[in-house]
>>> print(open('protein.txt').read())   # compact mmCIF, C-alpha atoms and all ligand atoms
# COMPACT_ATOMS: atom_id res chain seq x y z
CA MET A 1 -4.89 -8.67 22.52
CA PHE A 2 -1.13 -8.20 22.42
CA THR A 3 0.32 -10.92 20.19
CA HIS A 4 3.75 -9.49 19.35
CA GLU A 5 6.87 -11.33 20.43
CA GLU A 6 8.72 -8.20 21.52
CA LEU A 7 8.33 -4.45 21.81
CA HIS A 8 11.22 -2.18 22.72
CA VAL A 9 11.01 1.57 23.13
CA THR A 10 14.12 3.59 23.95
CA ALA A 11 15.05 7.26 23.83
CA GLY A 12 18.12 7.36 21.59
CA ARG A 13 21.27 7.93 23.67
CA ARG A 14 22.64 10.56 21.24
CA SER A 15 19.51 12.06 19.65
CA GLY A 16 16.96 11.72 22.44
CA VAL A 17 14.46 10.55 19.80
CA PRO A 18 12.15 7.71 20.91
CA ILE A 19 12.83 4.58 18.87
CA ALA A 20 10.13 1.90 18.82
CA LEU A 21 11.19 -1.52 17.65
CA ALA A 22 8.55 -4.20 17.36
CA ILE A 23 9.03 -7.86 16.52
CA HIS A 24 5.69 -9.34 15.62
CA SER A 25 6.81 -12.84 14.70
CA THR A 26 9.93 -14.90 14.11
CA ALA A 27 7.94 -18.08 13.35
CA LEU A 28 9.39 -18.25 9.81
CA GLY A 29 12.82 -16.82 10.63
CA GLN A 30 14.56 -13.53 11.41
CA ALA A 31 12.02 -10.70 11.63
CA LEU A 32 12.50 -8.12 8.86
CA GLY A 33 10.92 -4.74 8.23
CA GLY A 34 12.08 -1.26 7.42
CA CYS A 35 12.88 1.76 9.56
CA ARG A 36 10.30 4.50 9.38
CA ILE A 37 11.47 7.98 10.37
CA TRP A 38 8.40 10.14 10.72
CA HIS A 39 6.73 12.88 12.72
CA TYR A 40 3.95 12.02 15.19
CA ALA A 41 1.88 14.26 17.45
CA ASP A 42 2.47 11.88 20.37
CA TRP A 43 5.25 9.32 20.73
CA ARG A 44 2.65 6.69 21.60
CA ASP A 45 1.23 7.05 18.07
CA GLY A 46 4.63 6.06 16.71
CA VAL A 47 4.71 3.01 18.96
CA GLU A 48 1.27 2.00 17.71
CA ASP A 49 2.46 2.42 14.14
CA ALA A 50 5.42 0.13 14.86
CA LEU A 51 3.03 -2.50 16.24
CA ARG A 52 0.69 -2.33 13.24
CA LEU A 53 3.44 -2.13 10.63
CA SER A 54 5.38 -5.04 12.13
CA SER A 55 2.39 -7.39 12.03
CA ALA A 56 1.80 -6.38 8.40
CA MET A 57 5.43 -7.37 7.74
CA THR A 58 4.76 -10.87 9.09
CA ALA A 59 1.96 -11.24 6.55
CA LYS A 60 4.04 -9.60 3.78
CA ASN A 61 7.06 -11.83 4.26
CA ALA A 62 4.92 -14.96 4.66
CA LEU A 63 3.06 -14.46 1.36
CA ALA A 64 6.25 -13.33 -0.37
CA GLY A 65 7.57 -16.83 0.28
CA LEU A 66 10.47 -15.55 2.38
CA ALA A 67 11.80 -17.46 5.38
CA ASN A 68 11.38 -14.36 7.52
CA GLY A 69 9.09 -13.04 10.18
CA GLY A 70 7.87 -9.48 10.63
CA GLY A 71 9.26 -6.52 12.53
CA LYS A 72 9.51 -2.76 12.17
CA THR A 73 11.37 0.22 13.57
CA VAL A 74 9.80 3.64 13.98
CA ALA A 75 11.96 6.61 14.93
CA VAL A 76 9.29 8.83 16.43
CA LEU A 77 10.04 12.48 15.65
CA PRO A 78 8.13 15.09 17.64
CA PRO A 79 6.13 17.46 15.37
CA ALA A 80 8.76 20.06 14.44
CA ALA A 81 11.90 18.19 15.53
CA ARG A 82 15.03 18.29 13.35
CA PRO A 83 17.48 16.03 15.18
CA ASP A 84 21.01 15.46 13.94
CA ARG A 85 20.44 12.76 11.33
CA ARG A 86 23.68 10.88 11.89
CA GLU A 87 23.11 10.71 15.66
CA LEU A 88 19.58 9.44 15.10
CA LEU A 89 20.72 6.75 12.66
CA LEU A 90 23.47 5.56 15.01
CA ASP A 91 20.83 5.32 17.75
CA VAL A 92 18.67 3.21 15.44
CA GLY A 93 21.71 1.03 14.71
CA ASP A 94 22.28 0.46 18.42
CA ALA A 95 18.61 -0.42 18.94
CA VAL A 96 18.75 -2.98 16.12
CA ALA A 97 22.08 -4.38 17.36
CA ALA A 98 20.64 -4.87 20.85
CA LEU A 99 18.26 -7.50 19.44
CA GLY A 100 21.18 -9.74 18.52
CA GLY A 101 19.99 -10.62 15.00
CA ARG A 102 16.39 -11.48 15.85
CA TYR A 103 15.46 -8.47 13.67
CA GLY A 104 16.97 -6.92 10.56
CA THR A 105 16.12 -3.47 9.24
CA GLY A 106 15.95 -1.68 5.89
CA PRO A 107 14.62 1.54 4.36
CA ASP A 108 11.04 2.73 4.70
CA VAL A 109 9.13 6.01 4.61
CA GLY A 110 11.61 8.70 5.71
CA SER A 111 14.79 6.64 5.37
CA SER A 112 17.09 5.92 2.41
CA SER A 113 19.78 3.53 1.26
CA ASP A 114 22.48 5.96 2.37
CA ASP A 115 20.91 5.98 5.83
CA MET A 116 21.33 2.19 5.93
CA THR A 117 25.10 2.63 5.58
CA VAL A 118 25.14 4.75 8.75
CA ILE A 119 22.92 2.27 10.62
CA GLY A 120 25.36 -0.37 9.35
CA GLU A 121 28.14 1.22 11.40
CA ARG A 122 26.42 -0.20 14.48
CA THR A 123 24.85 -3.45 13.22
CA SER A 124 25.28 -5.94 10.38
CA HIS A 125 21.54 -6.64 10.38
CA VAL A 126 20.71 -4.01 7.79
CA PHE A 127 19.54 -4.34 4.17
CA CYS A 128 19.51 -2.07 1.12
CA ARG A 129 22.78 -0.17 1.65
CA PRO A 130 23.93 1.33 -1.67
CA VAL A 131 25.50 -1.22 -4.00
CA ALA A 132 28.85 0.59 -3.62
CA ASP A 133 28.66 -0.09 0.13
CA GLY A 134 27.94 -3.79 -0.36
CA GLY A 135 24.14 -3.72 -0.20
CA SER A 136 21.36 -4.29 -2.75
CA GLY A 137 20.55 -0.58 -3.11
CA SER A 138 17.18 1.13 -2.95
CA SER A 139 14.16 -1.11 -2.42
CA SER A 140 11.93 1.20 -4.47
CA PRO A 141 12.47 -0.22 -7.99
CA GLY A 142 11.72 -3.74 -6.69
CA THR A 143 8.60 -2.48 -4.93
CA ALA A 144 7.45 -0.71 -8.11
CA ALA A 145 8.06 -3.82 -10.22
CA GLY A 146 5.93 -5.82 -7.79
CA VAL A 147 3.12 -3.26 -7.99
CA ILE A 148 3.11 -3.60 -11.77
CA ALA A 149 2.90 -7.41 -11.44
CA ALA A 150 -0.06 -6.95 -9.07
CA LEU A 151 -1.74 -4.49 -11.45
CA ARG A 152 -1.36 -6.98 -14.34
CA ALA A 153 -3.04 -9.65 -12.19
CA THR A 154 -5.95 -7.21 -11.83
CA VAL A 155 -6.09 -5.59 -15.30
CA PRO A 156 -4.20 -7.92 -17.70
CA ASP A 157 -3.89 -5.29 -20.46
CA LEU A 158 -2.52 -2.19 -18.74
CA ALA A 159 -2.88 -0.11 -21.93
CA SER A 160 -6.65 -0.56 -21.78
CA GLY A 161 -6.95 0.69 -18.20
CA ARG A 162 -7.31 4.00 -16.43
CA PHE A 163 -5.24 4.36 -13.24
CA ALA A 164 -4.98 6.99 -10.50
CA VAL A 165 -1.67 7.00 -8.62
CA VAL A 166 -1.91 8.86 -5.30
CA GLY A 167 1.53 9.70 -3.90
CA LEU A 168 4.59 10.32 -6.07
CA GLY A 169 7.40 9.41 -3.69
CA SER A 170 10.12 7.11 -5.00
CA VAL A 171 7.77 4.11 -5.38
CA GLY A 172 4.69 6.01 -6.62
CA ALA A 173 6.68 7.97 -9.20
CA ASP A 174 8.32 4.78 -10.47
CA VAL A 175 4.93 3.04 -10.76
CA ALA A 176 3.52 6.04 -12.67
CA ARG A 177 6.47 5.94 -15.10
CA ARG A 178 6.04 2.21 -15.69
CA LEU A 179 2.30 2.63 -16.27
CA ALA A 180 2.87 5.48 -18.70
CA ALA A 181 5.47 3.38 -20.55
CA ALA A 182 2.90 0.57 -20.81
CA GLY A 183 0.49 2.97 -22.48
CA ALA A 184 -1.98 3.25 -19.60
CA ARG A 185 -4.21 6.28 -19.11
CA LEU A 186 -3.09 7.98 -15.95
CA THR A 187 -4.07 10.49 -13.27
CA VAL A 188 -1.35 11.33 -10.74
CA SER A 189 -1.37 13.28 -7.52
CA ASP A 190 0.77 14.31 -4.58
CA VAL A 191 0.52 16.67 -1.60
CA ARG A 192 3.65 18.46 -2.91
CA PRO A 193 2.64 20.82 -5.75
CA ASP A 194 6.08 20.48 -7.42
CA ALA A 195 5.31 16.83 -8.15
CA LYS A 196 3.12 18.15 -10.98
CA ALA A 197 6.29 18.22 -13.10
CA LEU A 198 6.05 14.42 -13.35
CA ALA A 199 2.44 14.65 -14.59
CA ASP A 200 3.61 17.01 -17.34
CA GLU A 201 6.53 14.77 -18.22
CA LEU A 202 4.32 11.67 -18.49
CA GLY A 203 1.39 13.40 -20.17
CA ALA A 204 -0.76 12.37 -17.20
CA ASP A 205 -3.70 14.24 -15.71
CA TRP A 206 -2.87 16.06 -12.47
CA ALA A 207 -5.32 16.13 -9.55
CA SER A 208 -5.36 16.96 -5.87
CA PRO A 209 -5.09 13.88 -3.61
CA ASP A 210 -8.80 14.13 -2.72
CA GLU A 211 -9.82 14.34 -6.37
CA ALA A 212 -7.50 11.51 -7.36
CA LEU A 213 -8.82 9.21 -4.63
CA THR A 214 -12.34 9.53 -6.00
CA ALA A 215 -11.43 9.77 -9.70
CA GLU A 216 -13.37 7.64 -12.12
CA GLY A 217 -11.27 4.77 -13.45
CA ASP A 218 -10.32 1.14 -13.24
CA VAL A 219 -7.73 1.12 -10.51
CA LEU A 220 -6.82 3.40 -7.63
CA VAL A 221 -3.15 3.02 -6.68
CA PRO A 222 -2.50 4.32 -3.12
CA ALA A 223 1.23 5.00 -2.88
CA ALA A 224 1.50 7.41 0.04
CA LEU A 225 0.99 6.94 3.76
CA GLY A 226 -1.45 4.47 5.31
CA GLY A 227 -5.00 4.91 6.56
CA VAL A 228 -6.33 6.47 3.30
CA LEU A 229 -9.20 4.04 2.90
CA THR A 230 -11.74 5.21 5.45
CA ALA A 231 -15.36 4.16 5.88
CA ASP A 232 -16.34 7.73 4.90
CA LEU A 233 -14.42 7.55 1.63
CA VAL A 234 -15.93 4.28 0.39
CA PRO A 235 -19.28 5.66 -0.87
CA SER A 236 -17.53 8.26 -3.05
CA LEU A 237 -15.06 5.90 -4.71
CA ARG A 238 -15.47 5.51 -8.46
CA CYS A 239 -12.90 2.80 -9.22
CA ARG A 240 -13.31 -0.93 -9.75
CA ALA A 241 -10.21 -2.01 -7.86
CA ILE A 242 -7.62 -0.69 -5.41
CA VAL A 243 -4.09 -2.00 -5.87
CA GLY A 244 -1.23 -0.03 -4.38
CA PRO A 245 1.96 -0.24 -2.32
CA ALA A 246 1.13 2.04 0.64
CA ASN A 247 1.38 0.02 3.86
CA ASN A 248 -1.73 -0.30 6.05
CA GLN A 249 -4.19 1.35 3.65
CA LEU A 250 -7.36 0.37 5.52
CA ALA A 251 -8.19 2.89 8.25
CA SER A 252 -9.92 0.01 10.04
CA PRO A 253 -10.37 -3.68 9.15
CA ASP A 254 -14.13 -3.30 8.47
CA VAL A 255 -13.38 -1.13 5.42
CA ALA A 256 -12.45 -4.37 3.57
CA GLY A 257 -16.09 -5.48 3.92
CA LEU A 258 -17.45 -2.07 2.85
CA LEU A 259 -15.33 -2.14 -0.31
CA HIS A 260 -16.45 -5.69 -1.05
CA GLU A 261 -20.12 -4.69 -0.71
CA ARG A 262 -19.56 -1.90 -3.23
CA GLY A 263 -18.00 -4.40 -5.64
CA ILE A 264 -14.57 -2.79 -5.38
CA ARG A 265 -11.74 -5.28 -5.32
CA TRP A 266 -9.07 -4.43 -2.72
CA ALA A 267 -5.72 -6.10 -3.25
CA PRO A 268 -4.19 -6.61 0.22
CA ASP A 269 -1.41 -4.00 0.45
CA TYR A 270 1.07 -6.41 1.97
CA VAL A 271 0.86 -8.64 -1.09
CA VAL A 272 1.22 -5.73 -3.53
CA SER A 273 4.16 -4.05 -1.77
CA ALA A 274 6.42 -7.07 -1.23
CA GLY A 275 8.73 -6.45 -4.20
CA GLY A 276 11.18 -4.29 -2.25
CA ILE A 277 11.83 -6.75 0.50
CA ILE A 278 11.89 -9.66 -1.95
CA HIS A 279 14.59 -7.82 -3.93
CA ALA A 280 16.63 -7.15 -0.79
CA VAL A 281 16.43 -10.65 0.69
CA ALA A 282 16.84 -12.58 -2.57
CA THR A 283 19.83 -10.43 -3.56
CA GLU A 284 21.61 -10.10 -0.21
CA LEU A 285 20.74 -13.33 1.61
CA TYR A 286 19.98 -15.83 -1.16
CA ARG A 287 22.60 -14.30 -3.52
CA GLU A 288 20.31 -14.89 -6.49
CA ALA A 289 21.10 -13.51 -9.96
CA PRO A 290 19.11 -10.41 -11.02
CA GLU A 291 16.87 -12.34 -13.44
CA VAL A 292 16.00 -14.88 -10.74
CA VAL A 293 15.16 -12.05 -8.34
CA GLU A 294 13.03 -10.42 -11.03
CA ALA A 295 11.09 -13.65 -11.57
CA ARG A 296 10.51 -13.90 -7.82
CA ILE A 297 9.06 -10.37 -7.81
CA GLU A 298 6.87 -11.25 -10.82
CA GLY A 299 5.47 -14.05 -8.62
CA ILE A 300 3.53 -11.37 -6.72
CA GLY A 301 1.08 -11.48 -9.65
CA ASP A 302 0.48 -15.22 -9.10
CA THR A 303 0.12 -14.76 -5.35
CA LEU A 304 -2.47 -12.05 -5.87
CA THR A 305 -4.32 -14.23 -8.37
CA ARG A 306 -4.43 -16.98 -5.72
CA VAL A 307 -5.88 -14.47 -3.26
CA TYR A 308 -8.55 -13.32 -5.74
CA ASP A 309 -9.43 -16.93 -6.69
CA LEU A 310 -9.76 -18.03 -3.08
CA ALA A 311 -11.88 -14.96 -2.29
CA ASP A 312 -14.18 -15.63 -5.26
CA ALA A 313 -14.47 -19.35 -4.54
CA GLN A 314 -15.32 -18.90 -0.87
CA HIS A 315 -17.16 -15.56 -1.11
CA LEU A 316 -14.59 -13.88 1.10
CA THR A 317 -13.10 -10.43 0.92
CA PRO A 318 -9.59 -10.54 -0.58
CA ALA A 319 -8.39 -9.39 2.86
CA ALA A 320 -9.90 -12.48 4.51
CA ALA A 321 -8.60 -14.76 1.76
CA ALA A 322 -5.07 -13.39 2.14
CA GLU A 323 -5.26 -13.81 5.91
CA GLN A 324 -6.20 -17.43 5.39
CA LEU A 325 -3.16 -17.97 3.15
CA VAL A 326 -0.92 -16.25 5.72
CA ALA A 327 -2.25 -18.52 8.47
CA GLU A 328 -1.63 -21.60 6.33
CA ARG A 329 1.95 -20.56 5.65
CA LEU A 330 2.63 -19.73 9.31
CA THR A 331 1.36 -23.07 10.54
CA GLY A 332 2.82 -25.05 7.63
CA GLY A 333 6.35 -23.79 8.28
CA THR A 334 8.97 -22.87 5.71
CA ARG A 335 8.12 -23.78 2.15
N1 LIG A 401 10.26 -0.97 3.97
C1 LIG A 401 9.89 -1.83 2.89
C2 LIG A 401 8.67 -2.66 3.27
O1 LIG A 401 7.78 -2.19 3.94
C3 LIG A 401 11.02 -2.62 2.30
C4 LIG A 401 12.10 -3.27 3.10
C5 LIG A 401 12.07 -3.55 4.44
C6 LIG A 401 13.20 -3.69 2.43
C7 LIG A 401 13.10 -4.21 5.08
C8 LIG A 401 14.21 -4.34 3.04
C9 LIG A 401 14.17 -4.61 4.37
O2 LIG A 401 8.49 -3.76 2.84
>>> encode(input="protein.txt", output="structure tokens", more="lines below")
Ligand code: PHE
Amino acid sequence: MFTHEELHVTAGRRSGVPIALAIHSTALGQALGGCRIWHYADWRDGVEDALRLSSAMTAKNALAGLANGGGKTVAVLPPAARPDRRELLLDVGDAVAALGGRYGTGPDVGSSSDDMTVIGERTSHVFCRPVADGGSGSSSPGTAAGVIAALRATVPDLASGRFAVVGLGSVGADVARRLAAAGARLTVSDVRPDAKALADELGADWASPDEALTAEGDVLVPAALGGVLTADLVPSLRCRAIVGPANNQLASPDVAGLLHERGIRWAPDYVVSAGGIIHAVATELYREAPEVVEARIEGIGDTLTRVYDLADAQHLTPAAAAEQLVAERLTGGTR
């Protein structure tokens, strides 16, 4: 069933690149979600991604305690396309502006803070421009801080745990550094072989993504693209919990049940990854001081504990428990 409020797909006037903009919900306020710039075999796959990612943003913002709904932009690059970046970003800016403030954008996979400045030439509804340009800067450190809070809610003493971080982009690399600093035992992995330099720097074990996904340890930390947790993968997992920032980790919803049956605790990704958007909104909209923002991000640990407790008490998967909390927040209105 189609339950989104809006879906817009336009070919950018300058770049020709299809831009999909989905608003899932504005029940709690302006819809927010980042702008993904990524390659897809078929433009329809990008549209589907925008639909899925925008509904995850509704859940993310609701459990983050923000007065915001969920939306997402996907700039759908054909397989080998290399469009003029500035033209593409201006097209994204126009697409966001056309929604008249019902949706605000920010960085996501494939887009940066600097990109937000260019989008900002066409719309004021943009978050995470560099601090020098009047924004709150990269969302990655906030996201990483939130992942650490979520990991502490799962393994209170990080130094006693063994973690496998899969994906060393800006968030994954930051999480790996914070874990290493906390004295955790670490395996790291990325599809780019040059990311091994970080493993050497941190004294972490290096593995291929496939090896790291099935490594023996306490917690698997998916920090790359979505869809990694497939039904086929579940039997070979050798971790006790999965807690990571990648959006839309479950290849299909039934994987939550398969993980539960194997006794593997899956922390809903939209709870774990909320630190970036919390940082952006609390800094730019609420104008909170850095230590207040930090405390808000720390709250992700308490939210995840509530999810785990509800799941345990009612014999639900954490996914189902989190959905229940989202539904309560959406029907209860702004806290
Ligand atoms: N793209 C990030 C997310 O998925 C963060 C973000 C989005 C930050 C929108 C600010 C605005 O949550």
>>> residues_around(input="protein.txt", residues="Ala199 (chain A)", least_positions_apart="4", cutoff="9 Å", atoms="only C-alpha atoms", output="list in words")
Ala176, Leu186, Thr187, Val188, Ser189, Ala195, Gly203, Ala204, Asp205 and Trp206 of chain A
>>> closest_residue(input="protein.txt", among="A:Ile148, A:Ala182, A:Ala223, A:Ala27", to="ligand LIG 401 (chain A)", atoms="only C-alpha atoms and all ligand atoms")
A:Ala223
>>> residues_near_ligand(input="protein.txt", ligand="ligand LIG 401 (chain A)", cutoff="7 Å", atoms="all atoms listed in the file", output="tab-separated table (two decimals) with C-alpha atoms, keeping the file's coordinate frame")
chain	number	residue	atom	x	y	z
A	32	LEU	CA	12.50	-8.12	8.86
A	33	GLY	CA	10.92	-4.74	8.23
A	34	GLY	CA	12.08	-1.26	7.42
A	35	CYS	CA	12.88	1.76	9.56
A	57	MET	CA	5.43	-7.37	7.74
A	105	THR	CA	16.12	-3.47	9.24
A	106	GLY	CA	15.95	-1.68	5.89
A	107	PRO	CA	14.62	1.54	4.36
A	108	ASP	CA	11.04	2.73	4.70
A	127	PHE	CA	19.54	-4.34	4.17
A	128	CYS	CA	19.51	-2.07	1.12
A	139	SER	CA	14.16	-1.11	-2.42
A	247	ASN	CA	1.38	0.02	3.86
A	273	SER	CA	4.16	-4.05	-1.77
A	274	ALA	CA	6.42	-7.07	-1.23
A	276	GLY	CA	11.18	-4.29	-2.25
A	277	ILE	CA	11.83	-6.75	0.50
A	280	ALA	CA	16.63	-7.15	-0.79
>>> residues_around(input="protein.txt", residues="His24 (chain A)", least_positions_apart="2", cutoff="9 Å", atoms="all atoms listed in the file", output="ChimeraX atom specification")
/A:3-7,22,26,31,51-52,54-58,69-72
>>> closest_atom_pairs(input="protein.txt", of="region 41-119 of chain A", to="region 282-293 of chain A", cutoff="12 Å", atoms="all atoms listed in the file", output="CSV")
residue,atom,partner,partner_atom,distance
A:Asn61,CA,A:Ala282,CA,12.0
A:Ala64,CA,A:Ala282,CA,10.8
A:Gly65,CA,A:Ala282,CA,10.6
A:Leu66,CA,A:Ala282,CA,8.6
A:Ala67,CA,A:Leu285,CA,10.5
A:Asn68,CA,A:Leu285,CA,11.1
A:Gly104,CA,A:Leu285,CA,11.6
A:Gly106,CA,A:Glu284,CA,11.8
>>> atom_distance(input="protein.txt", atom1="CA of Leu325 (chain A)", atom2="CA of Asn248 (chain A)")
18.0 Å
>>> atom_distance(input="protein.txt", atom1="CA of His260 (chain A)", atom2="CA of Thr317 (chain A)")
6.1 Å
>>> residues_around(input="protein.txt", residues="Gly227 (chain A)", least_positions_apart="6", cutoff="8 Å", atoms="all atoms listed in the file", output="list in words")
Asn248, Gln249, Leu250, Ala251 and Ser252 of chain A
>>> residues_around(input="protein.txt", residues="Ala98 (chain A)", least_positions_apart="6", cutoff="12 Å", atoms="only C-alpha atoms", output="count of residues only")
11
>>> atom_distance(input="protein.txt", atom1="CA of Asp157 (chain A)", atom2="CA of Thr143 (chain A)")
20.1 Å
>>> closest_residue(input="protein.txt", among="A:Gln30, A:Ser160, A:Ser112, A:Thr73", to="Gly93 (chain A)", atoms="all atoms listed in the file")
A:Thr73
>>> residues_around(input="protein.txt", residues="Ala149 (chain A)", least_positions_apart="2", cutoff="6 Å", atoms="only C-alpha atoms", output="JSON, numbers by chain")
{"A": [146, 147, 151, 152, 298, 301]}
>>> closest_residue(input="protein.txt", among="A:Leu258, A:Ile23, A:Ala59, A:Leu158", to="Val96 (chain A)", atoms="only C-alpha atoms")
A:Ile23
>>> closest_residue(input="protein.txt", among="A:Lys60, A:Arg185, A:His39, A:Arg177", to="Pro78 (chain A)", atoms="all atoms listed in the file")
A:His39
>>> closest_residue(input="protein.txt", among="A:Gly244, A:Asp200, A:Leu77, A:His279", to="Ser138 (chain A)", atoms="all atoms listed in the file")
A:His279
>>> closest_residue(input="protein.txt", among="A:Val271, A:Ile19, A:Gly263, A:Gly101", to="Val74 (chain A)", atoms="only C-alpha atoms")
A:Ile19
>>> build_atoms(input="protein.txt", residues="region 286-311 of chain A", atoms="N, CA and C atoms", output="PDB file, in the coordinates of the input")
ATOM      1  N   TYR A 286      19.980 -14.638  -0.310  1.00  0.00           N
ATOM      2  CA  TYR A 286      19.980 -15.830  -1.160  1.00  0.00           C
ATOM      3  C   TYR A 286      21.025 -15.723  -2.272  1.00  0.00           C
ATOM      4  N   ARG A 287      21.575 -14.529  -2.471  1.00  0.00           N
ATOM      5  CA  ARG A 287      22.600 -14.300  -3.520  1.00  0.00           C
ATOM      6  C   ARG A 287      22.121 -14.742  -4.893  1.00  0.00           C
ATOM      7  N   GLU A 288      20.847 -14.487  -5.199  1.00  0.00           N
ATOM      8  CA  GLU A 288      20.310 -14.890  -6.490  1.00  0.00           C
ATOM      9  C   GLU A 288      20.706 -13.893  -7.588  1.00  0.00           C
ATOM     10  N   ALA A 289      20.787 -14.374  -8.814  1.00  0.00           N
ATOM     11  CA  ALA A 289      21.100 -13.510  -9.960  1.00  0.00           C
ATOM     12  C   ALA A 289      19.914 -12.578 -10.222  1.00  0.00           C
ATOM     13  N   PRO A 290      20.176 -11.394 -10.805  1.00  0.00           N
ATOM     14  CA  PRO A 290      19.110 -10.410 -11.020  1.00  0.00           C
ATOM     15  C   PRO A 290      17.883 -10.969 -11.719  1.00  0.00           C
ATOM     16  N   GLU A 291      18.069 -11.845 -12.721  1.00  0.00           N
ATOM     17  CA  GLU A 291      16.870 -12.340 -13.440  1.00  0.00           C
ATOM     18  C   GLU A 291      16.062 -13.303 -12.573  1.00  0.00           C
ATOM     19  N   VAL A 292      16.720 -13.984 -11.652  1.00  0.00           N
ATOM     20  CA  VAL A 292      16.000 -14.880 -10.740  1.00  0.00           C
ATOM     21  C   VAL A 292      15.190 -14.042  -9.740  1.00  0.00           C
ATOM     22  N   VAL A 293      15.826 -12.960  -9.278  1.00  0.00           N
ATOM     23  CA  VAL A 293      15.160 -12.050  -8.340  1.00  0.00           C
ATOM     24  C   VAL A 293      13.928 -11.430  -9.011  1.00  0.00           C
ATOM     25  N   GLU A 294      14.122 -11.030 -10.273  1.00  0.00           N
ATOM     26  CA  GLU A 294      13.030 -10.420 -11.030  1.00  0.00           C
ATOM     27  C   GLU A 294      11.844 -11.383 -11.149  1.00  0.00           C
ATOM     28  N   ALA A 295      12.151 -12.649 -11.428  1.00  0.00           N
ATOM     29  CA  ALA A 295      11.090 -13.650 -11.570  1.00  0.00           C
ATOM     30  C   ALA A 295      10.355 -13.842 -10.239  1.00  0.00           C
ATOM     31  N   ARG A 296      11.109 -13.793  -9.149  1.00  0.00           N
ATOM     32  CA  ARG A 296      10.510 -13.900  -7.820  1.00  0.00           C
ATOM     33  C   ARG A 296       9.519 -12.745  -7.576  1.00  0.00           C
ATOM     34  N   ILE A 297       9.925 -11.543  -7.994  1.00  0.00           N
ATOM     35  CA  ILE A 297       9.060 -10.370  -7.810  1.00  0.00           C
ATOM     36  C   ILE A 297       7.816 -10.505  -8.696  1.00  0.00           C
ATOM     37  N   GLU A 298       8.007 -11.002  -9.919  1.00  0.00           N
ATOM     38  CA  GLU A 298       6.870 -11.250 -10.820  1.00  0.00           C
ATOM     39  C   GLU A 298       5.849 -12.179 -10.159  1.00  0.00           C
ATOM     40  N   GLY A 299       6.333 -13.086  -9.306  1.00  0.00           N
ATOM     41  CA  GLY A 299       5.470 -14.050  -8.620  1.00  0.00           C
ATOM     42  C   GLY A 299       4.384 -13.387  -7.773  1.00  0.00           C
ATOM     43  N   ILE A 300       4.566 -12.099  -7.462  1.00  0.00           N
ATOM     44  CA  ILE A 300       3.530 -11.370  -6.720  1.00  0.00           C
ATOM     45  C   ILE A 300       2.211 -11.417  -7.487  1.00  0.00           C
ATOM     46  N   GLY A 301       2.295 -11.389  -8.825  1.00  0.00           N
ATOM     47  CA  GLY A 301       1.080 -11.480  -9.650  1.00  0.00           C
ATOM     48  C   GLY A 301       0.350 -12.798  -9.400  1.00  0.00           C
ATOM     49  N   ASP A 302       1.103 -13.899  -9.341  1.00  0.00           N
ATOM     50  CA  ASP A 302       0.480 -15.220  -9.100  1.00  0.00           C
ATOM     51  C   ASP A 302      -0.107 -15.295  -7.693  1.00  0.00           C
ATOM     52  N   THR A 303       0.624 -14.739  -6.731  1.00  0.00           N
ATOM     53  CA  THR A 303       0.120 -14.760  -5.350  1.00  0.00           C
ATOM     54  C   THR A 303      -1.196 -14.001  -5.257  1.00  0.00           C
ATOM     55  N   LEU A 304      -1.249 -12.843  -5.924  1.00  0.00           N
ATOM     56  CA  LEU A 304      -2.470 -12.050  -5.870  1.00  0.00           C
ATOM     57  C   LEU A 304      -3.613 -12.776  -6.576  1.00  0.00           C
ATOM     58  N   THR A 305      -3.301 -13.455  -7.676  1.00  0.00           N
ATOM     59  CA  THR A 305      -4.320 -14.230  -8.370  1.00  0.00           C
ATOM     60  C   THR A 305      -4.874 -15.334  -7.450  1.00  0.00           C
ATOM     61  N   ARG A 306      -3.970 -15.959  -6.677  1.00  0.00           N
ATOM     62  CA  ARG A 306      -4.430 -16.980  -5.720  1.00  0.00           C
ATOM     63  C   ARG A 306      -5.368 -16.373  -4.679  1.00  0.00           C
ATOM     64  N   VAL A 307      -5.024 -15.164  -4.244  1.00  0.00           N
ATOM     65  CA  VAL A 307      -5.880 -14.470  -3.260  1.00  0.00           C
ATOM     66  C   VAL A 307      -7.251 -14.190  -3.863  1.00  0.00           C
ATOM     67  N   TYR A 308      -7.274 -13.627  -5.076  1.00  0.00           N
ATOM     68  CA  TYR A 308      -8.550 -13.320  -5.740  1.00  0.00           C
ATOM     69  C   TYR A 308      -9.374 -14.604  -5.943  1.00  0.00           C
ATOM     70  N   ASP A 309      -8.703 -15.680  -6.407  1.00  0.00           N
ATOM     71  CA  ASP A 309      -9.430 -16.930  -6.690  1.00  0.00           C
ATOM     72  C   ASP A 309     -10.040 -17.516  -5.421  1.00  0.00           C
ATOM     73  N   LEU A 310      -9.256 -17.502  -4.342  1.00  0.00           N
ATOM     74  CA  LEU A 310      -9.760 -18.030  -3.080  1.00  0.00           C
ATOM     75  C   LEU A 310     -10.942 -17.184  -2.579  1.00  0.00           C
ATOM     76  N   ALA A 311     -10.798 -15.871  -2.722  1.00  0.00           N
ATOM     77  CA  ALA A 311     -11.880 -14.960  -2.290  1.00  0.00           C
ATOM     78  C   ALA A 311     -13.146 -15.246  -3.094  1.00  0.00           C
TER      79      ALA A 311
END
